[in-house]
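Trainee: So that we are looking at the same thing, I have put the structure below in structure tokens.
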Amino acid sequence: MSLENCPLFNAGKGSVFTNDGSHEMDAAIMTGKDLMAGAVAGISGVKNPVHLARMIMEKSEHVMLSGAGAAEFAKLLKLDFENEDYFFNQFRYDQFLEIRDTDKFQLDHTEKKFGTVGAVALDQNGNIAAATSTGGMTNKRFNRVGDSPIIGAGTYANNNTCAISCTGHGEFFIRAVVAYDISCLIEYKGLSLTEACEFVVNDKLKKFGGEGGLVALNTNGDCVLAFNSDGMYRAWKTSENKKGVEIYR
Ligand code: ASP
């Protein structure tokens with residue numbers, strides 16, 4: 001939620017513009033101990049889409065809600081809403097104006113560093129979880145939905161394998177079922193977290209033409225931050241307070 005509240009990232013406040021000049025956000029969350037998940041697609045006005053995703057996981061019988069119905073559910077739960085001014089961002093607006101009158105829709109990867117936010121975490125009980133939140137791609141239309149809210153594509157968590165949150169060109173991540181593919185390589189083929197992430201991101205996905213990256217974690221606390229783009233904003237912190245922040249390789 002704090003990453004969503006920061007205007008520097010393409011999620012929540014700071015989300016990119018759709019072709020009609022609005023914001024449609026996607027988010028998902030999954031917990032590895034019970035394979036519970038919640039996701040929201042094409043939500044507008046809700047301050048923290050990832051919080052809504054969590055409420056869908058915890059307070060509904062569903063996994064994924066979208067659009068007006070998801071907003072109705074958020075209102076029922078009295079989640080925070082914000083108006084258009086809150087979501088307006090000059091930098092994003094200028095990016096949007098550059099391609100508004102074209103058929104292009106584009107990744108927010110200013111200098112090829114992605115702006116979608118994702119987090120993976122391991123708690124003191126040994127459980128892992130993953131969450132992803134995004135405004136999607138600039139100038140998207142037709143209620144386009146990316147990989148972020150799709151369980152198994154952009155977000156996945158399973159205590160037996162890993163927790164994964166992806167960023168990149170969603171269409172490729174959906175077709176390559178990236179997050180679940182990594183989990184399967186660990187579960188069925190016995191690959192390590194590093195081997196599985198490297199293979200999917202820097203071999204399979206790259207050959208497929210999919211640009212992006214991901215953050216991954218397992219219950220041992222092994223952490224992999226893999227990407228095939230020039231850079232990816234990333235940071236980590238351990239319970240012993242070891243921490244780091246990186247952008248490029
Ligand atoms: N994966 C997101 C999407 O396709 C975009 C991003 O990660 O920047 O909607």
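A note on labels: chains of the structure tokens are A, B, ... as shown, every chain counts residues from 1, and ligands are counted from 1 in their shown order.
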Sort by chain and increasing residue number a table of all residues of chain A within 9 Å of ligand 1, each with its closest pair of atoms and their distance in Å to one decimal, counting only C-alpha atoms and all ligand atoms, and write it as CSV.
Mentor:
residue,atom,partner,partner_atom_place_in_ligand_line,distance
A:Asn10,CA,ligand 1,8 (O),7.1
A:Met25,CA,ligand 1,9 (O),8.5
A:Asp26,CA,ligand 1,9 (O),7.4
A:Gln106,CA,ligand 1,5 (C),8.7
A:Leu107,CA,ligand 1,8 (O),5.4
A:Asp108,CA,ligand 1,8 (O),5.4
A:His109,CA,ligand 1,8 (O),6.7
A:Lys113,CA,ligand 1,8 (O),8.7
A:Phe114,CA,ligand 1,8 (O),5.2
A:Gly115,CA,ligand 1,8 (O),5.4
A:Thr116,CA,ligand 1,8 (O),4.5
A:Val117,CA,ligand 1,7 (O),7.5
A:Gly118,CA,ligand 1,7 (O),9.0
A:Thr132,CA,ligand 1,7 (O),9.0
A:Ser133,CA,ligand 1,2 (C),8.5
A:Thr134,CA,ligand 1,2 (C),6.2
A:Gly135,CA,ligand 1,9 (O),6.7
A:Gly136,CA,ligand 1,9 (O),3.4
A:Met137,CA,ligand 1,9 (O),5.4
A:Arg144,CA,ligand 1,9 (O),8.4
A:Val145,CA,ligand 1,9 (O),6.4
A:Gly146,CA,ligand 1,9 (O),3.7
A:Asp147,CA,ligand 1,1 (N),5.4
A:Ser148,CA,ligand 1,1 (N),5.5
A:Pro149,CA,ligand 1,9 (O),8.6
A:Gly154,CA,ligand 1,1 (N),7.0
A:Cys166,CA,ligand 1,7 (O),6.6
A:Thr167,CA,ligand 1,7 (O),3.3
A:Gly168,CA,ligand 1,7 (O),3.9
A:His169,CA,ligand 1,4 (O),4.6
A:Gly170,CA,ligand 1,4 (O),3.1
A:Glu171,CA,ligand 1,4 (O),6.3
A:Phe172,CA,ligand 1,4 (O),8.4
A:Phe173,CA,ligand 1,1 (N),7.5
A:Ile174,CA,ligand 1,4 (O),8.7
A:Gly212,CA,ligand 1,7 (O),7.2
A:Gly213,CA,ligand 1,7 (O),8.3
Trainee: Can you list, as a tab-separated table (two decimals) with C-alpha atoms, in the first residue's frame, every protein, DNA or RNA residue that comes within 9 Å of Ala71 in chain A when you count only C-alpha atoms, leaving out same-chain residues fewer than 5 positions away?
Mentor:
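Below is the file that was written, out_24.tsv:
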chain	number	residue	atom	x	y	z
A	43	ILE	CA	-10.77	-0.78	-10.76
A	44	SER	CA	-11.13	3.03	-10.67
A	45	GLY	CA	-11.26	5.39	-7.71
A	46	VAL	CA	-10.15	2.95	-5.02
A	52	LEU	CA	-9.22	-4.39	-2.13
A	65	LEU	CA	-13.71	-9.09	-9.19
A	66	SER	CA	-13.64	-6.42	-11.87
A	76	LEU	CA	-19.66	-2.08	0.90
Trainee: Report as a PyMOL selection string all protein, DNA and RNA residues lying within 9 Å of Ala74 in chain A, evaluated on only C-alpha atoms, omitting residues in the same chain fewer than 4 positions from it.
Mentor: chain A and resi 46+52+55-56+69-70+78-81
Trainee: Go ahead and write the selection's residues with N, CA and C atoms as a CSV table (one decimal), in the first residue's frame.
Mentor:
chain,number,residue,atom,x,y,z
A,46,VAL,N,-10.6,3.5,-6.3
A,46,VAL,CA,-10.2,3.0,-5.0
A,46,VAL,C,-8.7,3.3,-4.7
A,52,LEU,N,-8.0,-3.8,-1.6
A,52,LEU,CA,-9.2,-4.4,-2.1
A,52,LEU,C,-9.0,-5.9,-2.5
A,55,MET,N,-9.1,-7.8,0.6
A,55,MET,CA,-10.5,-7.9,1.1
A,55,MET,C,-11.3,-9.0,0.3
A,56,ILE,N,-11.0,-9.0,-1.0
A,56,ILE,CA,-11.7,-10.0,-1.9
A,56,ILE,C,-11.3,-11.4,-1.4
A,69,GLY,N,-18.5,-3.7,-10.4
A,69,GLY,CA,-18.8,-4.6,-9.4
A,69,GLY,C,-17.8,-4.6,-8.2
A,70,ALA,N,-16.5,-4.6,-8.6
A,70,ALA,CA,-15.4,-4.5,-7.6
A,70,ALA,C,-15.5,-3.2,-6.8
A,78,LYS,N,-16.4,-0.2,2.9
A,78,LYS,CA,-16.0,1.1,3.3
A,78,LYS,C,-14.5,1.4,3.1
A,79,LEU,N,-13.9,0.9,2.0
A,79,LEU,CA,-12.5,1.1,1.6
A,79,LEU,C,-12.4,2.6,1.2
A,80,ASP,N,-11.2,3.1,1.2
A,80,ASP,CA,-11.0,4.5,0.9
A,80,ASP,C,-11.1,4.7,-0.7
A,81,PHE,N,-11.8,5.8,-1.0
A,81,PHE,CA,-11.9,6.2,-2.4
A,81,PHE,C,-11.2,7.5,-2.6
Trainee: Mind pulling up the distance from CA of Met1 in chain A to CA of Asp94 in chain A?
Mentor: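 These two atoms are separated by 25.0 Å.
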Trainee: Pull the strand (DSSP E or B) assignments for range 33-218 of chain A out of DSSP run on the backbone, and list those residues as a ChimeraX atom specification.
Mentor: /A:36-43,46,64-66,81,106,117-122,128-134,138,151,155-157,163-168,212-217
Trainee: For Thr161 in chain A, work out the shell of residues within 7 Å, counting only C-alpha atoms and skipping chain neighbours fewer than 2 positions away, then give it as a PyMOL selection string.
Mentor: chain A and resi 158-159+183+186-187+218
Trainee: Generate a file of the selected residues that holds C-alpha atoms, formatted as a short mmCIF file (atom, residue, chain, number, x, y, z; two decimals), in the first residue's frame.
Mentor:
data_model
loop_
_atom_site.label_atom_id
_atom_site.label_comp_id
_atom_site.auth_asym_id
_atom_site.auth_seq_id
_atom_site.Cartn_x
_atom_site.Cartn_y
_atom_site.Cartn_z
CA ASN A 158 2.82 -21.51 -2.63
CA ASN A 159 4.78 -22.41 0.52
CA SER A 183 6.56 -22.71 -9.30
CA ILE A 186 10.56 -26.09 -8.67
CA GLU A 187 7.74 -28.49 -7.79
CA ASN A 218 10.88 -19.11 -0.89
#
Trainee: Would you please extract all helix (DSSP H, G or I) residues from range 74-209 of chain A, as assigned by DSSP on the backbone, and give them as a PyMOL selection string?
Mentor: chain A and resi 74-76+84-87+90-99+110-112+170-175+178-189+193-208
Trainee: Neighbours of Leu8 in chain A within 10 Å (only C-alpha atoms; same-chain residues fewer than 5 positions away dropped), as a list in words?
Mentor: Leu3, Lys13, Gly14, Ser15, Asn89, Phe91, Arg92, Gly115 and Thr116 of chain A
Trainee: Would you mind exporting all heavy atoms of the selected residues as a PDB file, in the first residue's frame?
Mentor:
ATOM      1  N   LEU A   3       3.711   1.600  -1.444  1.00  0.00           N
ATOM      2  CA  LEU A   3       4.198   1.791  -2.819  1.00  0.00           C
ATOM      3  C   LEU A   3       3.082   2.353  -3.704  1.00  0.00           C
ATOM      4  O   LEU A   3       3.330   3.168  -4.594  1.00  0.00           O
ATOM      5  CB  LEU A   3       4.711   0.469  -3.387  1.00  0.00           C
ATOM      6  CG  LEU A   3       5.987  -0.090  -2.747  1.00  0.00           C
ATOM      7  CD1 LEU A   3       6.216  -1.539  -3.173  1.00  0.00           C
ATOM      8  CD2 LEU A   3       7.192   0.757  -3.098  1.00  0.00           C
ATOM      9  N   LYS A  13      -1.841   5.865  -6.637  1.00  0.00           N
ATOM     10  CA  LYS A  13      -1.476   7.232  -7.025  1.00  0.00           C
ATOM     11  C   LYS A  13      -0.200   7.138  -7.878  1.00  0.00           C
ATOM     12  O   LYS A  13       0.804   6.593  -7.422  1.00  0.00           O
ATOM     13  CB  LYS A  13      -1.202   8.049  -5.762  1.00  0.00           C
ATOM     14  CG  LYS A  13      -0.934   9.508  -5.990  1.00  0.00           C
ATOM     15  CD  LYS A  13      -0.702  10.188  -4.646  1.00  0.00           C
ATOM     16  CE  LYS A  13      -0.353  11.654  -4.811  1.00  0.00           C
ATOM     17  NZ  LYS A  13      -1.447  12.481  -5.307  1.00  0.00           N
ATOM     18  N   GLY A  14      -0.259   7.638  -9.104  1.00  0.00           N
ATOM     19  CA  GLY A  14       0.902   7.471  -9.984  1.00  0.00           C
ATOM     20  C   GLY A  14       0.613   6.509 -11.129  1.00  0.00           C
ATOM     21  O   GLY A  14       1.473   6.287 -11.987  1.00  0.00           O
ATOM     22  N   SER A  15      -0.602   5.953 -11.130  1.00  0.00           N
ATOM     23  CA  SER A  15      -0.988   5.032 -12.209  1.00  0.00           C
ATOM     24  C   SER A  15      -1.006   5.739 -13.556  1.00  0.00           C
ATOM     25  O   SER A  15      -1.343   6.914 -13.645  1.00  0.00           O
ATOM     26  CB  SER A  15      -2.390   4.467 -11.942  1.00  0.00           C
ATOM     27  OG  SER A  15      -2.345   3.541 -10.896  1.00  0.00           O
ATOM     28  N   ASN A  89      -1.300  12.991 -12.416  1.00  0.00           N
ATOM     29  CA  ASN A  89       0.146  13.129 -12.272  1.00  0.00           C
ATOM     30  C   ASN A  89       0.663  13.677 -13.606  1.00  0.00           C
ATOM     31  O   ASN A  89       0.453  13.073 -14.654  1.00  0.00           O
ATOM     32  CB  ASN A  89       0.718  11.738 -11.973  1.00  0.00           C
ATOM     33  CG  ASN A  89       2.221  11.723 -11.848  1.00  0.00           C
ATOM     34  OD1 ASN A  89       2.929  12.190 -12.729  1.00  0.00           O
ATOM     35  ND2 ASN A  89       2.707  11.165 -10.759  1.00  0.00           N
ATOM     36  N   PHE A  91       3.589  13.980 -14.987  1.00  0.00           N
ATOM     37  CA  PHE A  91       4.554  13.133 -15.692  1.00  0.00           C
ATOM     38  C   PHE A  91       3.837  12.033 -16.481  1.00  0.00           C
ATOM     39  O   PHE A  91       4.097  11.804 -17.664  1.00  0.00           O
ATOM     40  CB  PHE A  91       5.528  12.543 -14.667  1.00  0.00           C
ATOM     41  CG  PHE A  91       6.483  11.543 -15.239  1.00  0.00           C
ATOM     42  CD1 PHE A  91       7.468  11.928 -16.139  1.00  0.00           C
ATOM     43  CD2 PHE A  91       6.411  10.203 -14.857  1.00  0.00           C
ATOM     44  CE1 PHE A  91       8.357  11.001 -16.668  1.00  0.00           C
ATOM     45  CE2 PHE A  91       7.299   9.274 -15.382  1.00  0.00           C
ATOM     46  CZ  PHE A  91       8.268   9.666 -16.291  1.00  0.00           C
ATOM     47  N   ARG A  92       2.899  11.386 -15.813  1.00  0.00           N
ATOM     48  CA  ARG A  92       2.121  10.326 -16.469  1.00  0.00           C
ATOM     49  C   ARG A  92       1.275  10.906 -17.594  1.00  0.00           C
ATOM     50  O   ARG A  92       1.085  10.291 -18.631  1.00  0.00           O
ATOM     51  CB  ARG A  92       1.171   9.660 -15.459  1.00  0.00           C
ATOM     52  CG  ARG A  92       1.863   8.952 -14.353  1.00  0.00           C
ATOM     53  CD  ARG A  92       2.456   7.670 -14.848  1.00  0.00           C
ATOM     54  NE  ARG A  92       3.131   6.981 -13.767  1.00  0.00           N
ATOM     55  CZ  ARG A  92       4.310   6.406 -13.893  1.00  0.00           C
ATOM     56  NH1 ARG A  92       4.948   6.425 -15.036  1.00  0.00           N
ATOM     57  NH2 ARG A  92       4.847   5.777 -12.886  1.00  0.00           N
ATOM     58  N   GLY A 115       7.539   0.280 -13.651  1.00  0.00           N
ATOM     59  CA  GLY A 115       6.918   1.062 -12.588  1.00  0.00           C
ATOM     60  C   GLY A 115       5.829   0.362 -11.794  1.00  0.00           C
ATOM     61  O   GLY A 115       5.345   0.883 -10.798  1.00  0.00           O
ATOM     62  N   THR A 116       5.445  -0.823 -12.253  1.00  0.00           N
ATOM     63  CA  THR A 116       4.458  -1.604 -11.503  1.00  0.00           C
ATOM     64  C   THR A 116       5.082  -1.984 -10.169  1.00  0.00           C
ATOM     65  O   THR A 116       6.292  -2.170 -10.084  1.00  0.00           O
ATOM     66  CB  THR A 116       4.106  -2.871 -12.315  1.00  0.00           C
ATOM     67  OG1 THR A 116       3.280  -2.479 -13.393  1.00  0.00           O
ATOM     68  CG2 THR A 116       3.401  -3.925 -11.493  1.00  0.00           C
TER      69      THR A 116
END
Trainee: Suppose you want the space between CA of Ala153 in chain A and CA of Glu58 in chain A; what is it in Å?
Mentor: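 Separating CA of Ala153 in chain A from CA of Glu58 in chain A is a distance of 21.0 Å.
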Trainee: Just give me the gap between CA of Leu191 in chain A and CA of Gly244 in chain A in Å, one decimal is fine.
Mentor: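 Pair CA of Leu191 in chain A / CA of Gly244 in chain A returns 26.0 Å.
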Trainee: Considering only C-alpha atoms, state which residue in the set A:Cys184, A:Val16, A:Ala130, A:Val224 is at the smallest distance from Phe96 in chain A.
Mentor: A:Val16
